[in-house]
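*Asks:* Coordinates in structure_33.json, JSON, C-alpha atoms, are listed below.
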[["chain", "number", "residue", "atom", "x", "y", "z"],
["A", 7, "MET", "CA", -104.13, -102.77, 5.16],
["A", 8, "ALA", "CA", -106.47, -100.41, 3.30],
["A", 9, "ARG", "CA", -106.09, -96.70, 3.88],
["A", 10, "PRO", "CA", -109.10, -94.99, 5.50],
["A", 11, "ARG", "CA", -111.14, -92.73, 3.25],
["A", 12, "GLY", "CA", -110.27, -89.06, 3.43],
["A", 13, "PHE", "CA", -113.76, -87.85, 2.52],
["A", 14, "ASP", "CA", -117.34, -87.96, 3.73],
["A", 15, "SER", "CA", -119.16, -90.42, 1.48],
["A", 16, "LYS", "CA", -122.58, -88.90, 2.30],
["A", 17, "SER", "CA", -121.39, -85.48, 1.17],
["A", 18, "VAL", "CA", -119.93, -86.98, -2.00],
["A", 19, "LEU", "CA", -123.21, -88.77, -2.74],
["A", 20, "ASP", "CA", -125.18, -85.55, -2.15],
["A", 21, "LYS", "CA", -122.94, -83.67, -4.59],
["A", 22, "ALA", "CA", -123.12, -86.46, -7.17],
["A", 23, "ALA", "CA", -126.91, -86.54, -6.81],
["A", 24, "GLU", "CA", -127.03, -82.84, -7.70],
["A", 25, "VAL", "CA", -125.02, -83.48, -10.86],
["A", 26, "PHE", "CA", -127.28, -86.38, -11.86],
["A", 27, "ARG", "CA", -130.40, -84.36, -11.01],
["A", 28, "ALA", "CA", -129.31, -81.35, -13.05],
["A", 29, "LYS", "CA", -127.83, -83.19, -16.05],
["A", 30, "GLY", "CA", -129.39, -86.64, -16.02],
["A", 31, "TYR", "CA", -127.46, -89.88, -15.93],
["A", 32, "ALA", "CA", -126.51, -89.95, -19.61],
["A", 33, "SER", "CA", -125.31, -86.34, -19.76],
["A", 34, "ALA", "CA", -123.41, -86.35, -16.46],
["A", 35, "SER", "CA", -119.77, -86.92, -17.30],
["A", 36, "VAL", "CA", -117.14, -88.28, -14.97],
["A", 37, "ASP", "CA", -115.46, -84.86, -15.29],
["A", 38, "ASP", "CA", -118.68, -83.25, -14.00],
["A", 39, "LEU", "CA", -118.71, -85.67, -11.08],
["A", 40, "GLU", "CA", -115.02, -85.03, -10.32],
["A", 41, "LYS", "CA", -115.58, -81.25, -10.31],
["A", 42, "ALA", "CA", -118.67, -81.45, -8.11],
["A", 43, "THR", "CA", -117.26, -83.88, -5.56],
["A", 44, "GLY", "CA", -113.66, -82.72, -5.54],
["A", 45, "LEU", "CA", -112.52, -86.32, -6.00],
["A", 46, "ARG", "CA", -110.55, -87.85, -8.83],
["A", 47, "ARG", "CA", -111.97, -90.66, -10.93],
["A", 48, "ALA", "CA", -109.83, -93.29, -9.16],
["A", 49, "SER", "CA", -111.17, -92.23, -5.75],
["A", 50, "LEU", "CA", -114.77, -92.15, -6.97],
["A", 51, "TYR", "CA", -114.51, -95.54, -8.59],
["A", 52, "GLY", "CA", -112.51, -96.97, -5.69],
["A", 53, "ALA", "CA", -115.21, -95.93, -3.23],
["A", 54, "PHE", "CA", -118.36, -96.48, -5.26],
["A", 55, "GLY", "CA", -117.48, -98.67, -8.24],
["A", 56, "ASP", "CA", -118.35, -97.30, -11.66],
["A", 57, "LYS", "CA", -120.55, -94.36, -12.72],
["A", 58, "HIS", "CA", -123.67, -96.52, -12.60],
["A", 59, "ALA", "CA", -122.95, -97.70, -9.05],
["A", 60, "LEU", "CA", -122.34, -94.07, -8.01],
["A", 61, "TYR", "CA", -125.65, -93.11, -9.62],
["A", 62, "LEU", "CA", -127.54, -95.83, -7.75],
["A", 63, "ALA", "CA", -125.87, -94.94, -4.44],
["A", 64, "SER", "CA", -126.75, -91.28, -5.08],
["A", 65, "LEU", "CA", -130.36, -92.22, -5.85],
["A", 66, "ARG", "CA", -130.65, -94.22, -2.62],
["A", 67, "ARG", "CA", -129.06, -91.42, -0.57],
["A", 68, "TYR", "CA", -131.30, -88.78, -2.19],
["A", 69, "ASP", "CA", -134.36, -90.93, -1.57],
["A", 70, "SER", "CA", -133.54, -91.66, 2.06],
["A", 71, "THR", "CA", -132.80, -88.05, 3.00],
["A", 72, "ARG", "CA", -135.71, -86.50, 1.10],
["A", 73, "ALA", "CA", -138.20, -89.17, 2.06],
["A", 74, "ALA", "CA", -137.27, -88.92, 5.74],
["A", 75, "ARG", "CA", -137.82, -85.14, 5.72],
["A", 76, "LEU", "CA", -141.08, -85.40, 3.82],
["A", 77, "LEU", "CA", -142.48, -88.21, 5.98],
["A", 78, "ALA", "CA", -141.59, -86.26, 9.13],
["A", 79, "GLU", "CA", -143.45, -83.21, 7.75],
["A", 80, "LEU", "CA", -146.52, -85.29, 6.93],
["A", 81, "ASP", "CA", -146.49, -87.00, 10.33],
["A", 82, "ALA", "CA", -146.17, -83.65, 12.13],
["A", 83, "ALA", "CA", -149.27, -82.19, 10.48],
["A", 84, "PRO", "CA", -152.17, -81.92, 12.94],
["A", 85, "THR", "CA", -154.77, -83.39, 10.54],
["A", 86, "GLY", "CA", -154.89, -85.51, 7.42],
["A", 87, "ARG", "CA", -155.97, -82.49, 5.36],
["A", 88, "LYS", "CA", -153.06, -80.43, 6.69],
["A", 89, "ALA", "CA", -150.68, -83.28, 5.81],
["A", 90, "LEU", "CA", -151.88, -83.22, 2.19],
["A", 91, "GLU", "CA", -151.68, -79.42, 2.09],
["A", 92, "ARG", "CA", -148.13, -79.62, 3.44],
["A", 93, "PHE", "CA", -147.21, -82.29, 0.87],
["A", 94, "PHE", "CA", -148.27, -80.05, -2.00],
["A", 95, "ALA", "CA", -146.75, -76.92, -0.43],
["A", 96, "LEU", "CA", -143.39, -78.70, -0.24],
["A", 97, "ALA", "CA", -143.68, -79.90, -3.85],
["A", 98, "LEU", "CA", -144.55, -76.39, -5.04],
["A", 99, "ALA", "CA", -141.63, -74.92, -3.09],
["A", 100, "GLU", "CA", -139.23, -77.43, -4.66],
["A", 101, "CYS", "CA", -140.58, -76.66, -8.13],
["A", 102, "ALA", "CA", -140.14, -72.92, -7.51],
["A", 103, "ARG", "CA", -136.65, -73.33, -6.08],
["A", 104, "ASP", "CA", -135.42, -75.49, -8.93],
["A", 105, "PRO", "CA", -137.71, -76.36, -11.83],
["A", 106, "SER", "CA", -135.15, -78.77, -13.33],
["A", 107, "GLY", "CA", -136.74, -81.50, -11.26],
["A", 108, "CYS", "CA", -136.34, -84.06, -8.55],
["A", 109, "LEU", "CA", -133.67, -86.73, -9.03],
["A", 110, "LEU", "CA", -136.18, -89.55, -8.49],
["A", 111, "ALA", "CA", -138.79, -88.05, -10.83],
["A", 112, "ASN", "CA", -136.08, -87.52, -13.42],
["A", 113, "ALA", "CA", -134.84, -91.10, -12.90],
["A", 114, "ALA", "CA", -138.38, -92.39, -13.43],
["A", 115, "MET", "CA", -138.50, -90.69, -16.81],
["A", 116, "GLU", "CA", -134.90, -91.16, -17.96],
["A", 117, "ARG", "CA", -133.73, -94.49, -16.54],
["A", 118, "ALA", "CA", -136.52, -96.66, -15.16],
["A", 119, "ALA", "CA", -137.41, -98.24, -18.51],
["A", 120, "VAL", "CA", -133.79, -99.20, -19.29],
["A", 121, "ASP", "CA", -132.22, -99.69, -15.85],
["A", 122, "ALA", "CA", -133.78, -102.30, -13.56],
["A", 123, "ALA", "CA", -131.82, -101.15, -10.49],
["A", 124, "ALA", "CA", -132.87, -97.52, -10.98],
["A", 125, "ALA", "CA", -136.45, -98.70, -11.56],
["A", 126, "ARG", "CA", -136.35, -100.49, -8.17],
["A", 127, "CYS", "CA", -135.17, -97.29, -6.43],
["A", 128, "VAL", "CA", -137.95, -95.30, -8.09],
["A", 129, "ALA", "CA", -140.56, -97.95, -7.24],
["A", 130, "ASP", "CA", -139.41, -98.09, -3.60],
["A", 131, "ASN", "CA", -139.76, -94.32, -3.34],
["A", 132, "ARG", "CA", -143.21, -94.43, -4.94],
["A", 133, "ARG", "CA", -144.40, -97.13, -2.54],
["A", 134, "ARG", "CA", -143.11, -95.20, 0.47],
["A", 135, "LEU", "CA", -144.69, -91.90, -0.59],
["A", 136, "GLU", "CA", -147.95, -93.51, -1.67],
["A", 137, "GLY", "CA", -148.03, -95.23, 1.72],
["A", 138, "ALA", "CA", -147.58, -91.90, 3.51],
["A", 139, "LEU", "CA", -150.30, -90.29, 1.40],
["A", 140, "HIS", "CA", -152.59, -93.26, 2.06],
["A", 141, "ALA", "CA", -152.00, -92.86, 5.80],
["A", 142, "ALA", "CA", -152.73, -89.12, 5.57],
["A", 143, "LEU", "CA", -155.98, -89.83, 3.73],
["A", 144, "LEU", "CA", -157.06, -92.39, 6.34],
["A", 145, "ARG", "CA", -156.08, -89.99, 9.12],
["A", 146, "GLY", "CA", -158.11, -87.25, 7.44],
["A", 147, "ARG", "CA", -161.16, -89.49, 7.34],
["A", 148, "ALA", "CA", -160.70, -90.44, 10.98],
["A", 149, "ASP", "CA", -160.17, -86.86, 12.20],
["A", 150, "GLY", "CA", -162.98, -85.47, 10.03],
["A", 151, "SER", "CA", -160.78, -83.12, 8.01],
["A", 152, "LEU", "CA", -161.38, -85.11, 4.78],
["A", 153, "ARG", "CA", -164.80, -86.32, 3.73],
["A", 154, "THR", "CA", -163.87, -88.30, 0.63],
["A", 155, "ARG", "CA", -165.38, -91.68, -0.08],
["A", 156, "ARG", "CA", -162.82, -92.50, -2.75],
["A", 157, "ASP", "CA", -160.64, -95.55, -2.36],
["A", 158, "ALA", "CA", -157.73, -94.27, -0.26],
["A", 159, "ARG", "CA", -155.08, -96.34, -2.06],
["A", 160, "ALA", "CA", -156.21, -95.15, -5.48],
["A", 161, "ALA", "CA", -156.41, -91.57, -4.20],
["A", 162, "ALA", "CA", -152.87, -91.82, -2.81],
["A", 163, "ARG", "CA", -151.63, -93.10, -6.17],
["A", 164, "PHE", "CA", -153.43, -90.21, -7.90],
["A", 165, "LEU", "CA", -151.84, -87.64, -5.58],
["A", 166, "PHE", "CA", -148.39, -89.12, -6.17],
["A", 167, "ALA", "CA", -148.97, -88.95, -9.94],
["A", 168, "ALA", "CA", -150.20, -85.36, -9.59],
["A", 169, "VAL", "CA", -146.93, -84.37, -7.92],
["A", 170, "LEU", "CA", -144.96, -86.01, -10.74],
["A", 171, "GLY", "CA", -147.12, -84.00, -13.12],
["A", 172, "LEU", "CA", -146.28, -80.82, -11.21],
["A", 173, "ARG", "CA", -142.59, -81.56, -11.62],
["A", 174, "ALA", "CA", -143.01, -82.18, -15.36],
["A", 175, "LEU", "CA", -145.03, -78.97, -15.71],
["A", 176, "ALA", "CA", -142.36, -76.98, -13.84],
["A", 177, "LYS", "CA", -139.59, -78.53, -15.94],
["A", 178, "SER", "CA", -141.42, -77.63, -19.16],
["A", 179, "GLY", "CA", -141.88, -73.97, -18.20],
["A", 180, "GLY", "CA", -145.16, -73.95, -16.29],
["A", 181, "THR", "CA", -145.73, -70.80, -14.26],
["A", 182, "ALA", "CA", -146.10, -70.67, -10.49],
["A", 183, "ALA", "CA", -149.79, -69.86, -10.94],
["A", 184, "GLN", "CA", -150.30, -72.89, -13.18],
["A", 185, "LEU", "CA", -148.54, -75.14, -10.68],
["A", 186, "ARG", "CA", -150.70, -73.82, -7.82],
["A", 187, "GLU", "CA", -153.85, -74.45, -9.89],
["A", 188, "VAL", "CA", -152.87, -78.07, -10.52],
["A", 189, "ALA", "CA", -151.99, -78.62, -6.85],
["A", 190, "GLU", "CA", -155.31, -77.14, -5.73],
["A", 191, "LEU", "CA", -157.29, -79.29, -8.17],
["A", 192, "ALA", "CA", -155.46, -82.41, -7.01],
["A", 193, "ARG", "CA", -156.19, -81.63, -3.35],
["A", 194, "GLU", "CA", -159.85, -80.95, -4.13],
["A", 195, "ALA", "CA", -160.18, -84.17, -6.15],
["A", 196, "VAL", "CA", -159.73, -86.34, -3.09]]
Spit out the file's structure as structure tokens when you get a sec.
*Replies:*
Amino acid sequence: MARPRGFDSKSVLDKAAEVFRAKGYASASVDDLEKATGLRRASLYGAFGDKHALYLASLRRYDSTRAARLLAELDAAPTGRKALERFFALALAECARDPSGCLLANAAMERAAVDAAAARCVADNRRRLEGALHAALLRGRADGSLRTRRDARAAARFLFAAVLGLRALAKSGGTAAQLREVAELAREAV
């Protein structure tokens, strides 16, 4: 009979996600993962498989927890315009808190072209967030807070790309003022 795990797998995935976010997949060593999680290599591999499987599980966990929080924030906004303002406020706050980037944005740049499974995680996240932005744009039209005539799907895709651009700008040393300018222009564009 297998012994029950003596650790919280969600906590381990959260800690591994932070290592992958800060260092990237290629630069994150198993030693880094052991130190961050407090688990030995055998326990990590026994629970999650190899480093790649741990990375994918961390990506999925990161996506599900962050996306759930973000979607709840967007849904709670009283108008479509307020939802978009909140979306950019959250992105700016994350960039200010840690300019090294979002695990999914980093995965899109580092792994998506060479790792089909990581690319699927990134694409799933993009579809979910673009869908939420699309819904906010439609809600804004319906409640009168947004007067755009632009195609809502294309505008949602543009806003998603703008947030990725914010993360790249923050990672490359952009100032808080520059990030705010970009966010404001993106909001005004739709």
*Asks:* Which residue, A:Tyr61, A:Asp14, A:Met115, A:Leu144, has the smallest gap to Gly171 of chain A when you use all atoms listed in the file?
*Replies:*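 With all atoms listed in the file as the atom set, the closest residue is A:Met115.
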*Asks:* List every residue of segment 103-189 of chain A that has an atom at most 10 Å from any atom of segment 68-81 of chain A, giving for each one its closest atom pair and the distance in Å to one decimal, counting only C-alpha atoms, sorted by chain and then by ascending residue number, as JSON lines.
*Replies:*
{"residue": "A:Cys108", "atom": "CA", "partner": "A:Tyr68", "partner_atom": "CA", "distance": 9.4}
{"residue": "A:Leu109", "atom": "CA", "partner": "A:Tyr68", "partner_atom": "CA", "distance": 7.5}
{"residue": "A:Leu110", "atom": "CA", "partner": "A:Asp69", "partner_atom": "CA", "distance": 7.3}
{"residue": "A:Cys127", "atom": "CA", "partner": "A:Asp69", "partner_atom": "CA", "distance": 8.0}
{"residue": "A:Val128", "atom": "CA", "partner": "A:Asp69", "partner_atom": "CA", "distance": 8.6}
{"residue": "A:Asp130", "atom": "CA", "partner": "A:Asp69", "partner_atom": "CA", "distance": 9.0}
{"residue": "A:Asn131", "atom": "CA", "partner": "A:Asp69", "partner_atom": "CA", "distance": 6.6}
{"residue": "A:Arg134", "atom": "CA", "partner": "A:Ala73", "partner_atom": "CA", "distance": 7.9}
{"residue": "A:Leu135", "atom": "CA", "partner": "A:Ala73", "partner_atom": "CA", "distance": 7.5}
{"residue": "A:Gly137", "atom": "CA", "partner": "A:Leu77", "partner_atom": "CA", "distance": 9.9}
{"residue": "A:Ala138", "atom": "CA", "partner": "A:Leu77", "partner_atom": "CA", "distance": 6.8}
{"residue": "A:Leu139", "atom": "CA", "partner": "A:Leu80", "partner_atom": "CA", "distance": 8.4}
{"residue": "A:Ala141", "atom": "CA", "partner": "A:Asp81", "partner_atom": "CA", "distance": 9.2}
{"residue": "A:Ala142", "atom": "CA", "partner": "A:Leu80", "partner_atom": "CA", "distance": 7.4}
*Asks:* Could you tell me how far atom CA of Gly86 of chain A sits from atom CA of Arg145 of chain A, in Å to one decimal place?
*Replies:* 4.9 Å
*Asks:* Which is closer to Leu170 of chain A than all the others in A:Ala82, A:Arg92, A:Arg132, A:Glu40, using only C-alpha atoms?
*Replies:* A:Arg132
*Asks:* From the set A:His140, A:Lys16, A:Arg153, A:Arg163, which residue has the shortest atom-to-atom contact distance to Ala63 of chain A, counting all atoms listed in the file?
*Replies:*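 With all atoms listed in the file as the atom set, the closest residue is A:Lys16.
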*Asks:* Using only C-alpha atoms, determine which residues lie at most 12 Å from segment 181-185 of chain A, disregarding the query and same-chain residues fewer than 4 positions distant; provide the list as a tab-separated table (two decimals) with C-alpha atoms, in the coordinates of the input.
*Replies:*
chain	number	residue	atom	x	y	z
A	94	PHE	CA	-148.27	-80.05	-2.00
A	95	ALA	CA	-146.75	-76.92	-0.43
A	97	ALA	CA	-143.68	-79.90	-3.85
A	98	LEU	CA	-144.55	-76.39	-5.04
A	99	ALA	CA	-141.63	-74.92	-3.09
A	100	GLU	CA	-139.23	-77.43	-4.66
A	101	CYS	CA	-140.58	-76.66	-8.13
A	102	ALA	CA	-140.14	-72.92	-7.51
A	103	ARG	CA	-136.65	-73.33	-6.08
A	104	ASP	CA	-135.42	-75.49	-8.93
A	105	PRO	CA	-137.71	-76.36	-11.83
A	168	ALA	CA	-150.20	-85.36	-9.59
A	169	VAL	CA	-146.93	-84.37	-7.92
A	170	LEU	CA	-144.96	-86.01	-10.74
A	171	GLY	CA	-147.12	-84.00	-13.12
A	172	LEU	CA	-146.28	-80.82	-11.21
A	173	ARG	CA	-142.59	-81.56	-11.62
A	174	ALA	CA	-143.01	-82.18	-15.36
A	175	LEU	CA	-145.03	-78.97	-15.71
A	176	ALA	CA	-142.36	-76.98	-13.84
A	177	LYS	CA	-139.59	-78.53	-15.94
A	189	ALA	CA	-151.99	-78.62	-6.85
A	190	GLU	CA	-155.31	-77.14	-5.73
A	191	LEU	CA	-157.29	-79.29	-8.17
A	192	ALA	CA	-155.46	-82.41	-7.01
*Asks:* Just give me the gap between atom CA of Phe164 of chain A and atom CA of Ala119 of chain A in Å, one decimal is fine.
*Replies:*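 A separation of 20.8 Å between them.
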*Asks:* Give as a PDB file with C-alpha atoms, in the coordinates of the input every residue, naming chains and numbers as the document does, that has an atom within 12 Å of (-117.3, -82.3, -14.3), counting only C-alpha atoms.
*Replies:*
ATOM      1  CA  LYS A  21    -122.940 -83.670  -4.590  1.00  0.00           C
ATOM      2  CA  ALA A  22    -123.120 -86.460  -7.170  1.00  0.00           C
ATOM      3  CA  GLU A  24    -127.030 -82.840  -7.700  1.00  0.00           C
ATOM      4  CA  VAL A  25    -125.020 -83.480 -10.860  1.00  0.00           C
ATOM      5  CA  PHE A  26    -127.280 -86.380 -11.860  1.00  0.00           C
ATOM      6  CA  LYS A  29    -127.830 -83.190 -16.050  1.00  0.00           C
ATOM      7  CA  SER A  33    -125.310 -86.340 -19.760  1.00  0.00           C
ATOM      8  CA  ALA A  34    -123.410 -86.350 -16.460  1.00  0.00           C
ATOM      9  CA  SER A  35    -119.770 -86.920 -17.300  1.00  0.00           C
ATOM     10  CA  VAL A  36    -117.140 -88.280 -14.970  1.00  0.00           C
ATOM     11  CA  ASP A  37    -115.460 -84.860 -15.290  1.00  0.00           C
ATOM     12  CA  ASP A  38    -118.680 -83.250 -14.000  1.00  0.00           C
ATOM     13  CA  LEU A  39    -118.710 -85.670 -11.080  1.00  0.00           C
ATOM     14  CA  GLU A  40    -115.020 -85.030 -10.320  1.00  0.00           C
ATOM     15  CA  LYS A  41    -115.580 -81.250 -10.310  1.00  0.00           C
ATOM     16  CA  ALA A  42    -118.670 -81.450  -8.110  1.00  0.00           C
ATOM     17  CA  THR A  43    -117.260 -83.880  -5.560  1.00  0.00           C
ATOM     18  CA  GLY A  44    -113.660 -82.720  -5.540  1.00  0.00           C
ATOM     19  CA  LEU A  45    -112.520 -86.320  -6.000  1.00  0.00           C
ATOM     20  CA  ARG A  46    -110.550 -87.850  -8.830  1.00  0.00           C
ATOM     21  CA  ARG A  47    -111.970 -90.660 -10.930  1.00  0.00           C
TER      22      ARG A  47
END
*Asks:* Would you please work out which residue, of A:Leu152, A:Leu62, A:Ala23, A:Ala32, is nearest to Ala122 of chain A when using all atoms listed in the file?
*Replies:*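 Closest residue, counting all atoms listed in the file: A:Leu62.
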*Asks:* Of the candidates A:Asp149, A:Asp56, A:Asp20, A:Glu136, which one gets nearest to Phe93 of chain A if we count only C-alpha atoms?
*Replies:*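 Using only C-alpha atoms, Phe93 of chain A sits closest to A:Glu136.
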*Asks:* Can you measure atom CA of Arg67 of chain A to atom CA of Ser178 of chain A for me? One decimal in Å is fine.
*Replies:*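 Between atom CA of Arg67 of chain A and atom CA of Ser178 of chain A the gap works out to 26.2 Å.
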